[in-house]
Amino acid sequence: MRAIIFIAGILFIANANAQKFDCSSKIIAYQTLFKERKIAESFEIWNEVQKNCPNQSESIYTVGIQILQYKIDNATTAEAKEKLVRDVLKLYNQYNKNFPLTTPSFQADKAMVLVNNKIEAKEEIFSLLDNGFATASKSITDANAIYIYFSLLCEKFKSGDNAITSNVLLEKFTLVSSMLNQLQVSNLTKANEYRTALNAINALTKDVATCENLTNFYDKNYPSNQENSDWLTTALINLSERCSTKPIFNTIAEKLYSIKATTKSANFIALSNLQQKKFPEAIKFYNESAELQSNPVEKAKIYYLIATSLLSNDSPKSKEYLNKALTLDPQMGKAYLFLAQLYSNSADECGRTNFEKKAIYYLAAETVKKAGDVETRLKPTSDKMNNDFLKKALNQVDITAAKMTGKSFTIGFWINETITFPSK
């Protein structure tokens, strides 16, 4: 009974102290001072709060990190700067202790505090990142953290660290590739950052992630990951860059498609069929991929690929798919370039008379100009092609002689387009 009364007394005193300190008003006070850039006053009150009310509010940590970072940025000596950086790391530990559910990536966050403040502690940074990726990889969204972690792994591998074998490096390559591919989709505002990090990581692995090594790695690890769609997708992305002709690519592509037909899984099946020269099947699955794609620009890219890779020798069909692409993405200048080339290549075939042949070149010249109009970067190419076509096209003398000034002329055959000549 005495023990119970004693504990109750302690709790009463602690509660009384908390009430006396008034955490809530103190939090508002230091936040206000920080906004006014009264850092010294803000820091003093915040320091009291984080000692007396450690689990009162997450803002104690989020704002506290900002206050300390401001002091770091204005530190006058390297020693003072590093001491403050170490205080931030301690604060992250306290943050995680009091709010573990919202701070799963705190170890990676600590590593980036060291990196961003240029503290020379490579082994410590690697250790923090390694632990962070091992325990909370799904919570890490910093593109730079992902890149730095993998670059440090590559350094250790190249230096002969026995713990980092080529197999370990490929495992981590698959992990970070998967993370960055997913983040590009889930966080579109930072998609370019993730894409840049992924390109840099691919460059780091060019000597290790060879077709042979990737094939062996994915052959070996496929059985234990064949129901993991994220792993399968990443494997296919990595293999498609280097060795989509290998049997393992087709095996994984078929498995992913069997789990769920999506625009990605259908695209991989299409690529597999394309590499096997099964062209009708490739066209079928690329069409399915387009149908399942909700983004009109991405859908247009698939139709452009079909038109230029699989149907380039079938002019009517190629034009059909180019028009589909342009309907979805009128800014796709390269589609106009290819369409103009299709027209010019068919001048002799479709033109029954010299006038008709020249009219087709006139149409090609008019079409290719649109590429430069919608995409400035294509204007030099567009202008050059336009000049080349105009050398073989109808000129004003031809149009006047044919009494077609201001009139329209329809080109038949598969082209099926009408040209309206200028009135002057």
# chains A, B, ... in the order shown; residues from 1 in each chain; ligands from 1

call {"tool": "residues_around", "arguments": {"residues": "A:Tyr70", "least_positions_apart": "3", "cutoff": "10 Å", "atoms": "only C-alpha atoms", "output": "NGL selection string"}}
result
:A and (34 or 37 or 39 or 64-67 or 73-75 or 84)

call {"tool": "write_last_selection", "arguments": {"atoms": "N, CA, C and O atoms", "output": "PDB file, in the first residue's frame"}}
result
ATOM      1  N   PHE A  34      11.258  31.395 -33.774  1.00  0.00           N
ATOM      2  CA  PHE A  34      12.028  30.842 -34.892  1.00  0.00           C
ATOM      3  C   PHE A  34      11.571  31.452 -36.215  1.00  0.00           C
ATOM      4  O   PHE A  34      12.393  31.775 -37.078  1.00  0.00           O
ATOM      5  N   ARG A  37      13.101  34.584 -36.840  1.00  0.00           N
ATOM      6  CA  ARG A  37      14.539  34.418 -36.943  1.00  0.00           C
ATOM      7  C   ARG A  37      15.282  34.931 -35.696  1.00  0.00           C
ATOM      8  O   ARG A  37      16.418  35.380 -35.778  1.00  0.00           O
ATOM      9  N   ILE A  39      16.846  33.331 -33.336  1.00  0.00           N
ATOM     10  CA  ILE A  39      17.312  31.961 -33.139  1.00  0.00           C
ATOM     11  C   ILE A  39      17.775  31.698 -31.710  1.00  0.00           C
ATOM     12  O   ILE A  39      17.452  30.661 -31.126  1.00  0.00           O
ATOM     13  N   GLY A  64      12.904  21.553 -34.066  1.00  0.00           N
ATOM     14  CA  GLY A  64      14.205  21.525 -33.397  1.00  0.00           C
ATOM     15  C   GLY A  64      15.336  21.249 -34.367  1.00  0.00           C
ATOM     16  O   GLY A  64      16.418  21.869 -34.286  1.00  0.00           O
ATOM     17  N   ILE A  65      15.110  20.355 -35.317  1.00  0.00           N
ATOM     18  CA  ILE A  65      16.122  20.052 -36.335  1.00  0.00           C
ATOM     19  C   ILE A  65      16.405  21.296 -37.179  1.00  0.00           C
ATOM     20  O   ILE A  65      17.560  21.591 -37.512  1.00  0.00           O
ATOM     21  N   GLN A  66      15.350  22.055 -37.478  1.00  0.00           N
ATOM     22  CA  GLN A  66      15.541  23.288 -38.257  1.00  0.00           C
ATOM     23  C   GLN A  66      16.329  24.338 -37.471  1.00  0.00           C
ATOM     24  O   GLN A  66      17.185  25.034 -38.032  1.00  0.00           O
ATOM     25  N   ILE A  67      16.029  24.440 -36.175  1.00  0.00           N
ATOM     26  CA  ILE A  67      16.749  25.412 -35.339  1.00  0.00           C
ATOM     27  C   ILE A  67      18.233  25.062 -35.286  1.00  0.00           C
ATOM     28  O   ILE A  67      19.103  25.921 -35.479  1.00  0.00           O
ATOM     29  N   ASP A  73      24.558  26.140 -39.907  1.00  0.00           N
ATOM     30  CA  ASP A  73      24.875  26.958 -41.079  1.00  0.00           C
ATOM     31  C   ASP A  73      25.609  28.244 -40.709  1.00  0.00           C
ATOM     32  O   ASP A  73      26.300  28.840 -41.549  1.00  0.00           O
ATOM     33  N   ASN A  74      25.450  28.663 -39.474  1.00  0.00           N
ATOM     34  CA  ASN A  74      26.075  29.914 -39.036  1.00  0.00           C
ATOM     35  C   ASN A  74      27.206  29.693 -38.036  1.00  0.00           C
ATOM     36  O   ASN A  74      27.690  30.661 -37.427  1.00  0.00           O
ATOM     37  N   ALA A  75      27.635  28.425 -37.897  1.00  0.00           N
ATOM     38  CA  ALA A  75      28.742  28.128 -36.984  1.00  0.00           C
ATOM     39  C   ALA A  75      30.030  28.762 -37.515  1.00  0.00           C
ATOM     40  O   ALA A  75      30.283  28.793 -38.723  1.00  0.00           O
ATOM     41  N   LEU A  84      27.334  20.650 -33.215  1.00  0.00           N
ATOM     42  CA  LEU A  84      25.914  20.872 -33.485  1.00  0.00           C
ATOM     43  C   LEU A  84      25.332  19.744 -34.345  1.00  0.00           C
ATOM     44  O   LEU A  84      24.192  19.317 -34.146  1.00  0.00           O
TER      45      LEU A  84
END

call {"tool": "residues_around", "arguments": {"residues": "A:Gly372", "least_positions_apart": "2", "cutoff": "12 Å", "atoms": "only C-alpha atoms", "output": "list of chain:residue names"}}
result
A:Gln331, A:Met332, A:Gly333, A:Lys334, A:Ala335, A:Tyr336, A:Leu337, A:Ala365, A:Glu366, A:Thr367, A:Val368, A:Lys369, A:Lys370, A:Val374, A:Glu375, A:Thr376, A:Arg377, A:Leu378, A:Lys379, A:Pro380, A:Thr381, A:Ser382, A:Asp383, A:Lys384, A:Met385, A:Asn386

call {"tool": "write_last_selection", "arguments": {"atoms": "C-alpha atoms", "output": "PDB file, in the first residue's frame"}}
result
ATOM      1  CA  GLN A 331       3.331  17.561 -79.442  1.00  0.00           C
ATOM      2  CA  MET A 332       5.099  14.398 -80.618  1.00  0.00           C
ATOM      3  CA  GLY A 333       7.263  15.963 -83.294  1.00  0.00           C
ATOM      4  CA  LYS A 334       9.088  12.765 -84.195  1.00  0.00           C
ATOM      5  CA  ALA A 335       5.799  11.256 -85.384  1.00  0.00           C
ATOM      6  CA  TYR A 336       5.518  14.023 -87.995  1.00  0.00           C
ATOM      7  CA  LEU A 337       9.100  13.361 -89.085  1.00  0.00           C
ATOM      8  CA  ALA A 365       7.390  19.128 -96.824  1.00  0.00           C
ATOM      9  CA  GLU A 366       4.236  20.531 -95.214  1.00  0.00           C
ATOM     10  CA  THR A 367       4.052  17.612 -92.788  1.00  0.00           C
ATOM     11  CA  VAL A 368       7.668  17.781 -91.666  1.00  0.00           C
ATOM     12  CA  LYS A 369       7.330  21.488 -90.841  1.00  0.00           C
ATOM     13  CA  LYS A 370       4.863  20.536 -88.093  1.00  0.00           C
ATOM     14  CA  VAL A 374       5.538  21.477 -81.957  1.00  0.00           C
ATOM     15  CA  GLU A 375       9.063  20.626 -80.772  1.00  0.00           C
ATOM     16  CA  THR A 376      11.663  23.388 -80.987  1.00  0.00           C
ATOM     17  CA  ARG A 377      14.550  20.948 -80.520  1.00  0.00           C
ATOM     18  CA  LEU A 378      13.541  19.223 -83.780  1.00  0.00           C
ATOM     19  CA  LYS A 379      13.498  22.415 -85.847  1.00  0.00           C
ATOM     20  CA  PRO A 380      17.014  21.973 -87.353  1.00  0.00           C
ATOM     21  CA  THR A 381      16.098  18.449 -88.499  1.00  0.00           C
ATOM     22  CA  SER A 382      12.674  19.598 -89.635  1.00  0.00           C
ATOM     23  CA  ASP A 383      14.128  22.488 -91.650  1.00  0.00           C
ATOM     24  CA  LYS A 384      16.706  20.275 -93.357  1.00  0.00           C
ATOM     25  CA  MET A 385      14.127  17.640 -94.323  1.00  0.00           C
ATOM     26  CA  ASN A 386      11.759  20.361 -95.501  1.00  0.00           C
TER      27      ASN A 386
END

call {"tool": "select_by_dssp", "arguments": {"residues": "stretch 252-419 of chain A", "states": "helix (DSSP H, G or I)", "output": "PyMOL selection string"}}
result
chain A and resi 252-259+263-275+279-292+296-310+315-328+333-345+347-350+354-374+376-390+396-401

call {"tool": "closest_atom_pairs", "arguments": {"of": "stretch 64-158 of chain A", "to": "stretch 177-183 of chain A", "cutoff": "10 Å", "atoms": "only C-alpha atoms", "output": "tab-separated table"}}
result
residue	atom	partner	partner_atom	distance
A:Ser137	CA	A:Met179	CA	7.9
A:Lys138	CA	A:Met179	CA	7.5
A:Ser139	CA	A:Met179	CA	9.8
A:Ile140	CA	A:Met179	CA	8.6
A:Thr141	CA	A:Leu183	CA	7.2
A:Asp142	CA	A:Leu180	CA	9.6
A:Ala143	CA	A:Leu180	CA	7.5
A:Ile146	CA	A:Leu180	CA	8.2
A:Tyr147	CA	A:Leu180	CA	9.6

call {"tool": "write_last_selection", "arguments": {"atoms": "N, CA and C atoms", "output": "PDB file, in the first residue's frame"}}
result
ATOM      1  N   SER A 137      13.708   0.158 -45.835  1.00  0.00           N
ATOM      2  CA  SER A 137      13.940   0.613 -47.216  1.00  0.00           C
ATOM      3  C   SER A 137      12.680   1.214 -47.847  1.00  0.00           C
ATOM      4  N   LYS A 138      11.502   0.721 -47.444  1.00  0.00           N
ATOM      5  CA  LYS A 138      10.258   1.230 -48.033  1.00  0.00           C
ATOM      6  C   LYS A 138       9.932   2.649 -47.568  1.00  0.00           C
ATOM      7  N   SER A 139      10.607   3.100 -46.518  1.00  0.00           N
ATOM      8  CA  SER A 139      10.339   4.444 -45.990  1.00  0.00           C
ATOM      9  C   SER A 139      11.337   5.485 -46.485  1.00  0.00           C
ATOM     10  N   ILE A 140      12.377   5.055 -47.166  1.00  0.00           N
ATOM     11  CA  ILE A 140      13.413   5.982 -47.648  1.00  0.00           C
ATOM     12  C   ILE A 140      13.008   6.523 -49.017  1.00  0.00           C
ATOM     13  N   THR A 141      12.897   7.842 -49.115  1.00  0.00           N
ATOM     14  CA  THR A 141      12.440   8.460 -50.366  1.00  0.00           C
ATOM     15  C   THR A 141      13.424   9.494 -50.904  1.00  0.00           C
ATOM     16  N   ASP A 142      14.553   9.661 -50.238  1.00  0.00           N
ATOM     17  CA  ASP A 142      15.558  10.638 -50.658  1.00  0.00           C
ATOM     18  C   ASP A 142      16.417  10.033 -51.765  1.00  0.00           C
ATOM     19  N   ALA A 143      16.290  10.582 -52.982  1.00  0.00           N
ATOM     20  CA  ALA A 143      17.035  10.056 -54.131  1.00  0.00           C
ATOM     21  C   ALA A 143      18.542  10.085 -53.878  1.00  0.00           C
ATOM     22  N   ILE A 146      19.668   7.248 -51.567  1.00  0.00           N
ATOM     23  CA  ILE A 146      19.703   5.967 -52.283  1.00  0.00           C
ATOM     24  C   ILE A 146      20.965   5.876 -53.136  1.00  0.00           C
ATOM     25  N   TYR A 147      21.269   6.966 -53.842  1.00  0.00           N
ATOM     26  CA  TYR A 147      22.463   6.965 -54.692  1.00  0.00           C
ATOM     27  C   TYR A 147      23.739   6.843 -53.855  1.00  0.00           C
TER      28      TYR A 147
END

call {"tool": "residues_around", "arguments": {"residues": "A:Ala253", "least_positions_apart": "5", "cutoff": "12 Å", "atoms": "only C-alpha atoms", "output": "ChimeraX atom specification"}}
result
/A:222,226,229,231-237,239-240,244-248,258-262,264-273,285

call {"tool": "atom_distance", "arguments": {"atom1": "atom CA of A:Ile27", "atom2": "atom CA of A:Gln107"}}
result
25.8 Å

call {"tool": "atom_distance", "arguments": {"atom1": "atom CA of A:Cys350", "atom2": "atom CA of A:Phe338"}}
result
17.3 Å

call {"tool": "closest_residue", "arguments": {"among": "A:Ile415, A:Ala393, A:Asp398, A:Ser59", "to": "A:Lys319", "atoms": "only C-alpha atoms"}}
result
A:Ile415

call {"tool": "closest_residue", "arguments": {"among": "A:Ile72, A:Leu152, A:Cys23, A:Leu175", "to": "A:Asn55", "atoms": "only C-alpha atoms"}}
result
A:Cys23

call {"tool": "residues_around", "arguments": {"residues": "stretch 357-363 of chain A", "least_positions_apart": "5", "cutoff": "8 Å", "atoms": "only C-alpha atoms", "output": "list in words"}}
result
Ala340, Tyr343, Ser344, Ala347, Asp348, Cys350, Gly351, Arg352, Phe389, Leu390, Lys392, Ala393, Leu394, Ile411 and Ile419 of chain A

call {"tool": "residues_around", "arguments": {"residues": "A:Phe217", "least_positions_apart": "5", "cutoff": "9 Å", "atoms": "only C-alpha atoms", "output": "list in words"}}
result
Asn167, Leu170, Glu171, Glu212 and Tyr222 of chain A

call {"tool": "closest_residue", "arguments": {"among": "A:Thr205, A:Ser186, A:Gln31, A:Asn395", "to": "A:Lys158", "atoms": "only C-alpha atoms"}}
result
A:Thr205
